[in-house]
>>> print(open('input_20.pdb').read())   # PDB, C-alpha atoms and all ligand atoms
MODEL        1
ATOM      1  CA  MET A 653       0.000   0.000   0.000
ATOM      2  CA  ILE A 654       0.961   3.547  -0.588
ATOM      3  CA  ARG A 655      -0.365   6.729   0.956
ATOM      4  CA  ARG A 656      -2.169   9.107  -1.395
ATOM      5  CA  SER A 657       0.017  11.981  -0.149
ATOM      6  CA  GLN A 658       3.196  10.175  -1.286
ATOM      7  CA  ILE A 659       2.112   9.946  -4.908
ATOM      8  CA  PRO A 660       2.603  13.484  -6.330
ATOM      9  CA  ALA A 661       6.268  13.666  -5.326
ATOM     10  CA  ILE A 662       6.925  10.211  -6.806
ATOM     11  CA  GLN A 663       5.154  11.244 -10.031
ATOM     12  CA  ARG A 664       7.250  14.420 -10.265
ATOM     13  CA  GLU A 665      10.471  12.528  -9.679
ATOM     14  CA  ALA A 666       9.505   9.954 -12.316
ATOM     15  CA  ALA A 667       8.620  12.751 -14.752
ATOM     16  CA  ASP A 668      12.048  14.307 -14.216
ATOM     17  CA  LEU A 669      13.688  11.023 -15.200
ATOM     18  CA  ILE A 670      11.456  10.611 -18.252
ATOM     19  CA  ARG A 671      12.241  14.156 -19.377
ATOM     20  CA  LYS A 672      15.952  13.503 -18.855
ATOM     21  CA  ALA A 673      15.518  10.809 -21.479
ATOM     22  CA  GLY A 674      14.395  13.544 -23.875
ATOM     23  CA  ILE A 675      10.804  12.330 -23.881
ATOM     24  CA  VAL A 676       8.114  14.999 -23.949
ATOM     25  CA  LEU A 677       5.443  14.731 -21.256
ATOM     26  CA  ARG A 678       2.383  16.918 -21.065
ATOM     27  CA  PRO A 679       1.665  18.287 -17.566
ATOM     28  CA  GLU A 680      -1.503  16.212 -17.292
ATOM     29  CA  GLU A 681       0.468  13.097 -18.147
ATOM     30  CA  VAL A 682       2.581  13.591 -15.034
ATOM     31  CA  ASP A 683      -0.608  13.221 -12.979
ATOM     32  CA  ARG A 684      -1.386  10.000 -14.840
ATOM     33  CA  ILE A 685       1.889   8.273 -13.960
ATOM     34  CA  ALA A 686       0.850   5.137 -12.078
ATOM     35  CA  VAL A 687       2.923   4.275  -9.044
ATOM     36  CA  ALA A 688       3.101   0.511  -8.496
ATOM     37  CA  ASP A 689       4.400  -0.873  -5.211
ATOM     38  CA  PHE A 690       3.402  -4.472  -5.955
ATOM     39  CA  GLY A 691       1.810  -4.673  -2.521
ATOM     40  CA  LEU A 692       5.205  -4.830  -0.816
ATOM     41  CA  SER A 693       4.933  -1.281   0.626
ATOM     42  CA  GLN A 694       8.592  -0.453  -0.055
ATOM     43  CA  VAL A 695       8.173   1.447  -3.263
ATOM     44  CA  ARG A 696      11.786   2.621  -3.449
ATOM     45  CA  VAL A 697      12.983  -0.983  -3.309
ATOM     46  CA  PHE A 698      10.238  -2.786  -5.229
ATOM     47  CA  GLY A 699       8.242  -0.589  -7.534
ATOM     48  CA  ALA A 700       7.759   1.063 -10.890
ATOM     49  CA  GLN A 701       6.352   4.304 -12.226
ATOM     50  CA  ILE A 702       4.401   3.658 -15.379
ATOM     51  CA  LEU A 703       2.810   6.033 -17.868
ATOM     52  CA  THR A 704       0.523   4.365 -20.355
ATOM     53  CA  TRP A 705       0.328   6.279 -23.615
ATOM     54  CA  VAL A 706      -2.061   3.897 -25.298
ATOM     55  CA  GLU A 707      -3.815   0.726 -24.315
ATOM     56  CA  THR A 708      -6.414  -0.885 -26.535
ATOM     57  CA  SER A 709      -7.849  -4.377 -26.684
ATOM     58  CA  ARG A 710      -4.968  -5.279 -29.036
ATOM     59  CA  TYR A 711      -1.812  -3.395 -28.056
ATOM     60  CA  GLY A 712      -0.208  -1.049 -25.573
ATOM     61  CA  ALA A 713       2.656   1.448 -25.346
ATOM     62  CA  LYS A 714       4.097   2.722 -22.086
ATOM     63  CA  VAL A 715       7.113   4.336 -20.572
ATOM     64  CA  ILE A 716       8.442   2.975 -17.301
ATOM     65  CA  ALA A 717      10.625   5.106 -15.007
ATOM     66  CA  LEU A 718      12.647   3.271 -12.388
ATOM     67  CA  PHE A 719      14.394   5.033  -9.530
ATOM     68  CA  PRO A 720      18.009   4.228  -8.603
ATOM     69  CA  ASN A 721      18.312   0.515  -7.774
ATOM     70  CA  GLN A 722      14.539   0.066  -7.920
ATOM     71  CA  ILE A 723      13.364  -3.444  -8.756
ATOM     72  CA  LEU A 724      10.355  -4.396 -10.854
ATOM     73  CA  PRO A 725       9.791  -7.882  -9.446
ATOM     74  CA  GLU A 726       9.935 -11.163 -11.323
ATOM     75  CA  HIS A 727       6.818 -11.897 -13.333
ATOM     76  CA  TRP A 728       5.512 -13.435 -16.515
ATOM     77  CA  HIS A 729       2.595 -12.827 -18.828
ATOM     78  CA  PRO A 730       0.421 -15.948 -18.845
ATOM     79  CA  PRO A 731      -1.885 -17.154 -21.608
ATOM     80  CA  VAL A 732      -5.444 -15.835 -21.447
ATOM     81  CA  GLY A 733      -8.058 -17.698 -23.504
ATOM     82  CA  ASP A 734      -6.881 -17.908 -27.120
ATOM     83  CA  ASP A 735      -4.095 -15.403 -26.447
ATOM     84  CA  PRO A 736      -0.720 -17.061 -25.739
ATOM     85  CA  GLY A 737       0.128 -14.179 -23.375
ATOM     86  CA  LYS A 738       1.432 -10.677 -23.703
ATOM     87  CA  GLU A 739       4.378 -10.293 -26.031
ATOM     88  CA  GLU A 740       6.494  -7.363 -24.919
ATOM     89  CA  THR A 741       9.466  -5.423 -26.249
ATOM     90  CA  ILE A 742      11.381  -3.098 -23.997
ATOM     91  CA  ARG A 743      13.864  -0.481 -25.133
ATOM     92  CA  VAL A 744      16.041   1.545 -22.832
ATOM     93  CA  ALA A 745      15.689   5.301 -23.333
ATOM     94  CA  TRP A 746      17.945   6.483 -20.511
ATOM     95  CA  GLY A 747      20.146   5.059 -17.772
ATOM     96  CA  VAL A 748      21.262   1.513 -17.180
ATOM     97  CA  LEU A 749      18.850  -1.374 -16.828
ATOM     98  CA  TYR A 750      19.763  -4.824 -15.612
ATOM     99  CA  LEU A 751      17.349  -7.258 -17.165
ATOM    100  CA  TYR A 752      17.060 -10.781 -15.776
ATOM    101  CA  VAL A 753      15.692 -13.634 -17.854
ATOM    102  CA  GLU A 754      15.684 -17.414 -17.623
ATOM    103  CA  GLY A 755      18.993 -19.045 -18.514
ATOM    104  CA  PRO A 756      22.446 -19.613 -17.062
ATOM    105  CA  ASP A 757      23.030 -17.675 -13.821
ATOM    106  CA  THR A 758      25.177 -14.664 -14.746
ATOM    107  CA  LEU A 759      23.983 -12.317 -12.002
ATOM    108  CA  ARG A 760      27.063 -10.203 -11.212
ATOM    109  CA  GLU A 761      26.349  -6.473 -11.245
ATOM    110  CA  GLY A 762      22.891  -6.638  -9.748
ATOM    111  CA  PHE A 763      21.599  -7.853  -6.417
ATOM    112  CA  ILE A 764      18.562  -9.435  -4.836
ATOM    113  CA  PRO A 765      17.349  -7.885  -1.574
ATOM    114  CA  LYS A 766      17.962 -10.065   1.488
ATOM    115  CA  GLY A 767      15.224 -12.556   2.220
ATOM    116  CA  LYS A 768      13.899 -12.431  -1.361
ATOM    117  CA  GLU A 769      16.464 -14.769  -2.946
ATOM    118  CA  GLY A 770      13.848 -17.505  -3.439
ATOM    119  CA  VAL A 771      11.459 -15.361  -5.456
ATOM    120  CA  PHE A 772      13.982 -14.130  -8.035
ATOM    121  CA  THR A 773      14.639 -17.263 -10.046
ATOM    122  CA  ALA A 774      15.546 -15.751 -13.447
ATOM    123  CA  ARG A 775      19.225 -14.892 -13.014
ATOM    124  CA  HIS A 776      20.557 -14.502 -16.504
ATOM    125  CA  GLU A 777      21.787 -10.909 -16.378
ATOM    126  CA  ILE A 778      21.680  -8.641 -19.394
ATOM    127  CA  GLN A 779      23.023  -5.144 -18.990
ATOM    128  CA  MET A 780      21.051  -2.766 -21.175
ATOM    129  CA  LEU A 781      22.060   0.749 -22.167
ATOM    130  CA  PRO A 782      20.112   3.405 -24.080
ATOM    131  CA  GLY A 783      19.125   2.047 -27.475
ATOM    132  CA  ASP A 784      19.257  -1.571 -26.371
ATOM    133  CA  GLN A 785      16.060  -3.528 -26.731
ATOM    134  CA  TYR A 786      14.770  -6.971 -25.883
ATOM    135  CA  THR A 787      11.633  -8.933 -26.702
ATOM    136  CA  PHE A 788      10.139 -11.353 -24.185
ATOM    137  CA  PRO A 789       8.319 -14.348 -25.532
ATOM    138  CA  PRO A 790       4.921 -14.915 -23.874
ATOM    139  CA  GLY A 791       5.202 -16.757 -20.560
ATOM    140  CA  ALA A 792       8.940 -16.107 -19.998
ATOM    141  CA  LYS A 793       9.916 -14.952 -16.504
ATOM    142  CA  HIS A 794      11.681 -11.609 -16.250
ATOM    143  CA  TRP A 795      12.493  -8.812 -13.810
ATOM    144  CA  PHE A 796      14.294  -5.490 -13.916
ATOM    145  CA  LEU A 797      16.756  -3.698 -11.701
ATOM    146  CA  ALA A 798      17.604  -0.077 -12.453
ATOM    147  CA  GLY A 799      21.198   1.087 -12.321
ATOM    148  CA  LYS A 800      22.380   3.494  -9.664
ATOM    149  CA  GLU A 801      20.977   6.550 -11.437
ATOM    150  CA  GLY A 802      17.691   4.947 -12.421
ATOM    151  CA  ALA A 803      16.389   3.985 -15.837
ATOM    152  CA  VAL A 804      13.734   4.950 -18.336
ATOM    153  CA  VAL A 805      12.352   2.174 -20.494
ATOM    154  CA  TYR A 806       9.807   2.035 -23.305
ATOM    155  CA  SER A 807       7.456  -0.930 -23.307
ATOM    156  CA  PHE A 808       5.561  -1.969 -26.423
ATOM    157  CA  SER A 809       3.283  -4.944 -26.193
ATOM    158  CA  SER A 810       0.270  -6.849 -27.314
ATOM    159  CA  VAL A 811      -2.842  -6.520 -25.173
ATOM    160  CA  VAL A 812      -2.071  -5.588 -21.578
ATOM    161  CA  ARG A 813      -3.706  -7.460 -18.719
ATOM    162  CA  ASP A 814      -1.464  -6.450 -15.842
ATOM    163  CA  ALA A 815      -3.856  -7.779 -13.210
ATOM    164  CA  LEU A 816      -3.443 -11.297 -14.646
ATOM    165  CA  ASP A 817       0.368 -11.297 -14.671
ATOM    166  CA  GLY A 818       1.987 -14.057 -12.673
ATOM    167  CA  PHE A 819       4.501 -13.111  -9.968
ATOM    168  CA  THR A 820       7.013 -15.460  -8.375
ATOM    169  CA  ASP A 821       6.715 -13.712  -4.988
ATOM    170  CA  PRO A 822       3.447 -14.831  -3.339
ATOM    171  CA  GLU A 823       3.423 -11.622  -1.269
ATOM    172  CA  ILE A 824       2.893  -9.529  -4.379
ATOM    173  CA  VAL A 825      -0.422  -7.895  -5.135
ATOM    174  CA  ARG A 826      -0.277  -6.299  -8.587
ATOM    175  CA  VAL A 827      -2.980  -3.719  -8.066
ATOM    176  CA  THR A 828      -1.555  -1.009  -5.817
ATOM    177  CA  LYS A 829      -3.648  -0.202  -2.784
ATOM    178  CA  ILE A 830      -3.806   3.540  -2.210
ATOM    179  CA  VAL A 831      -4.600   4.576   1.351
ATOM    180  CA  GLU A 832      -6.253   7.954   1.856
ATOM    181  CA  ASP A 833      -4.543  10.196   4.409
TER     182      ASP A 833
HETATM  183 ZN    ZN B   1       6.752  -7.955 -18.226
ENDMDL
END
>>> encode(input="input_20.pdb", output="structure tokens")
Amino acid sequence: MIRRSQIPAIQREAADLIRKAGIVLRPEEVDRIAVADFGLSQVRVFGAQILTWVETSRYGAKVIALFPNQILPEHWHPPVGDDPGKEETIRVAWGVLYLYVEGPDTLREGFIPKGKEGVFTARHEIQMLPGDQYTFPPGAKHWFLAGKEGAVVYSFSSVVRDALDGFTDPEIVRVTKIVED
């Protein structure tokens, strides 16, 4: 959960990162940046700031701002009905992103917070710099760790059903609970 009063400052900070990437944001888009804490209530450690530019029943385009060393936890996009699952391409716009996918364990530069080792199983580390991109096949586990200055990442995908994503960590709740204060 996150307190309502925390959100504007997080949105502004995320907008600053996105603008550093040279991406134009309208003022009203700053207010639309979604702050996800994945139910872990430690948004600076596990979280993501996501602005959705377009989301239809067929495709979506977003920009994701990650704060320094912020982790977007391990997840996958499961099949839904006839759809084999969301296919997603990410492209780094600014900063350094450590991407973790299934494969040989090459985790070197990144880290997994203490006590969470068991719920980060994809440990094939790919260091991504601006201009680097990667496409996840449907169903493949992945997670992100931002470098020490943060990262800004484009995400292009087929139909988005975030609420149905699978997460390795059973403590995760995808829909952020906002507490009024
Ligand atoms: Zn994903």
>>> atom_distance(input="input_20.pdb", atom1="atom CA of A:Pro765", atom2="atom CA of A:Ile662")
21.5 Å
>>> closest_residue(input="input_20.pdb", among="A:Pro720, A:Pro822, A:Gly791, A:Gly747", to="A:Asp735", atoms="all atoms listed in the file")
A:Gly791
>>> resolve_selection(input="input_20.pdb", expression="the PyMOL selection byres (((chain A and resi 827) around 7) and not hetatm)", output="PyMOL selection string")
chain A and resi 690+815+825-826+828-829
>>> residues_around(input="input_20.pdb", residues="stretch 785-789 of chain A", least_positions_apart="2", cutoff="7 Å", atoms="only C-alpha atoms", output="PyMOL selection string")
chain A and resi 739-744+783+791-792
>>> closest_residue(input="input_20.pdb", among="A:Arg760, A:Arg813, A:Lys800, A:Arg775", to="A:Asn721", atoms="all atoms listed in the file")
A:Lys800
>>> residues_near_ligand(input="input_20.pdb", ligand="ligand ZN 1 (chain B)", cutoff="8 Å", atoms="only C-alpha atoms and all ligand atoms", output="JSON, numbers by chain")
{"A": [727, 728, 729, 740, 788, 793, 794, 795]}
>>> write_last_selection(input="input_20.pdb", atoms="C-alpha atoms", output="CSV table (one decimal), keeping the file's coordinate frame")
chain,number,residue,atom,x,y,z
A,727,HIS,CA,6.8,-11.9,-13.3
A,728,TRP,CA,5.5,-13.4,-16.5
A,729,HIS,CA,2.6,-12.8,-18.8
A,740,GLU,CA,6.5,-7.4,-24.9
A,788,PHE,CA,10.1,-11.4,-24.2
A,793,LYS,CA,9.9,-15.0,-16.5
A,794,HIS,CA,11.7,-11.6,-16.2
A,795,TRP,CA,12.5,-8.8,-13.8
>>> atom_distance(input="input_20.pdb", atom1="atom CA of A:Val831", atom2="atom CA of A:Ser657")
8.9 Å
>>> closest_residue(input="input_20.pdb", among="A:Ile659, A:Ile702, A:Ile670, A:Leu816", to="A:Ala745", atoms="all atoms listed in the file")
A:Ile670
>>> axis_aligned_box(input="input_20.pdb", around="stretch 807-825 of chain A", padding_each_side="8 Å", output="JSON")
{"center_x": 1.8, "center_y": -8.2, "center_z": -14.3, "size_x": 27.3, "size_y": 30.5, "size_z": 42.0}
>>> resolve_selection(input="input_20.pdb", expression="the PyMOL selection byres (((chain A and resi 668) around 12) and not hetatm)", output="ChimeraX atom specification")
/A:661-667,669-677,679,682,685,701,717-719,746,802-804
>>> decode(input="input_20.pdb", residues="stretch 768-783 of chain A", atoms="N, CA and C atoms", output="mmCIF file, in the first residue's frame")
data_model
loop_
_atom_site.group_PDB
_atom_site.id
_atom_site.type_symbol
_atom_site.label_atom_id
_atom_site.label_comp_id
_atom_site.auth_asym_id
_atom_site.auth_seq_id
_atom_site.Cartn_x
_atom_site.Cartn_y
_atom_site.Cartn_z
ATOM 1 N N LYS A 768 14.714 -12.254 -0.156
ATOM 2 C CA LYS A 768 13.899 -12.431 -1.361
ATOM 3 C C LYS A 768 14.594 -13.320 -2.394
ATOM 4 N N GLU A 769 15.681 -13.967 -1.991
ATOM 5 C CA GLU A 769 16.464 -14.769 -2.946
ATOM 6 C C GLU A 769 15.586 -15.815 -3.644
ATOM 7 N N GLY A 770 14.650 -16.411 -2.889
ATOM 8 C CA GLY A 770 13.848 -17.505 -3.439
ATOM 9 C C GLY A 770 12.830 -17.084 -4.479
ATOM 10 N N VAL A 771 12.516 -15.791 -4.538
ATOM 11 C CA VAL A 771 11.459 -15.361 -5.456
ATOM 12 C C VAL A 771 12.013 -14.562 -6.651
ATOM 13 N N PHE A 772 13.341 -14.664 -6.829
ATOM 14 C CA PHE A 772 13.982 -14.130 -8.035
ATOM 15 C C PHE A 772 14.749 -15.292 -8.653
ATOM 16 N N THR A 773 14.075 -16.018 -9.524
ATOM 17 C CA THR A 773 14.639 -17.263 -10.046
ATOM 18 C C THR A 773 15.328 -17.065 -11.396
ATOM 19 N N ALA A 774 14.919 -16.038 -12.147
ATOM 20 C CA ALA A 774 15.546 -15.751 -13.447
ATOM 21 C C ALA A 774 16.814 -14.954 -13.151
ATOM 22 N N ARG A 775 17.965 -15.542 -13.434
ATOM 23 C CA ARG A 775 19.225 -14.892 -13.014
ATOM 24 C C ARG A 775 20.214 -14.729 -14.154
ATOM 25 N N HIS A 776 19.678 -14.764 -15.363
ATOM 26 C CA HIS A 776 20.557 -14.502 -16.504
ATOM 27 C C HIS A 776 20.566 -12.991 -16.713
ATOM 28 N N GLU A 777 21.696 -12.377 -16.406
ATOM 29 C CA GLU A 777 21.787 -10.909 -16.378
ATOM 30 C C GLU A 777 22.157 -10.344 -17.745
ATOM 31 N N ILE A 778 21.375 -9.353 -18.152
ATOM 32 C CA ILE A 778 21.680 -8.641 -19.394
ATOM 33 C C ILE A 778 21.729 -7.157 -19.067
ATOM 34 N N GLN A 779 22.895 -6.579 -19.248
ATOM 35 C CA GLN A 779 23.023 -5.144 -18.990
ATOM 36 C C GLN A 779 22.569 -4.390 -20.220
ATOM 37 N N MET A 780 21.604 -3.500 -20.042
ATOM 38 C CA MET A 780 21.051 -2.766 -21.175
ATOM 39 C C MET A 780 21.329 -1.274 -21.023
ATOM 40 N N LEU A 781 21.755 -0.684 -22.123
ATOM 41 C CA LEU A 781 22.060 0.749 -22.167
ATOM 42 C C LEU A 781 21.083 1.410 -23.144
ATOM 43 N N PRO A 782 21.031 2.739 -23.153
ATOM 44 C CA PRO A 782 20.112 3.405 -24.080
ATOM 45 C C PRO A 782 20.260 2.882 -25.513
ATOM 46 N N GLY A 783 19.125 2.586 -26.121
ATOM 47 C CA GLY A 783 19.125 2.047 -27.475
ATOM 48 C C GLY A 783 19.071 0.540 -27.523
#
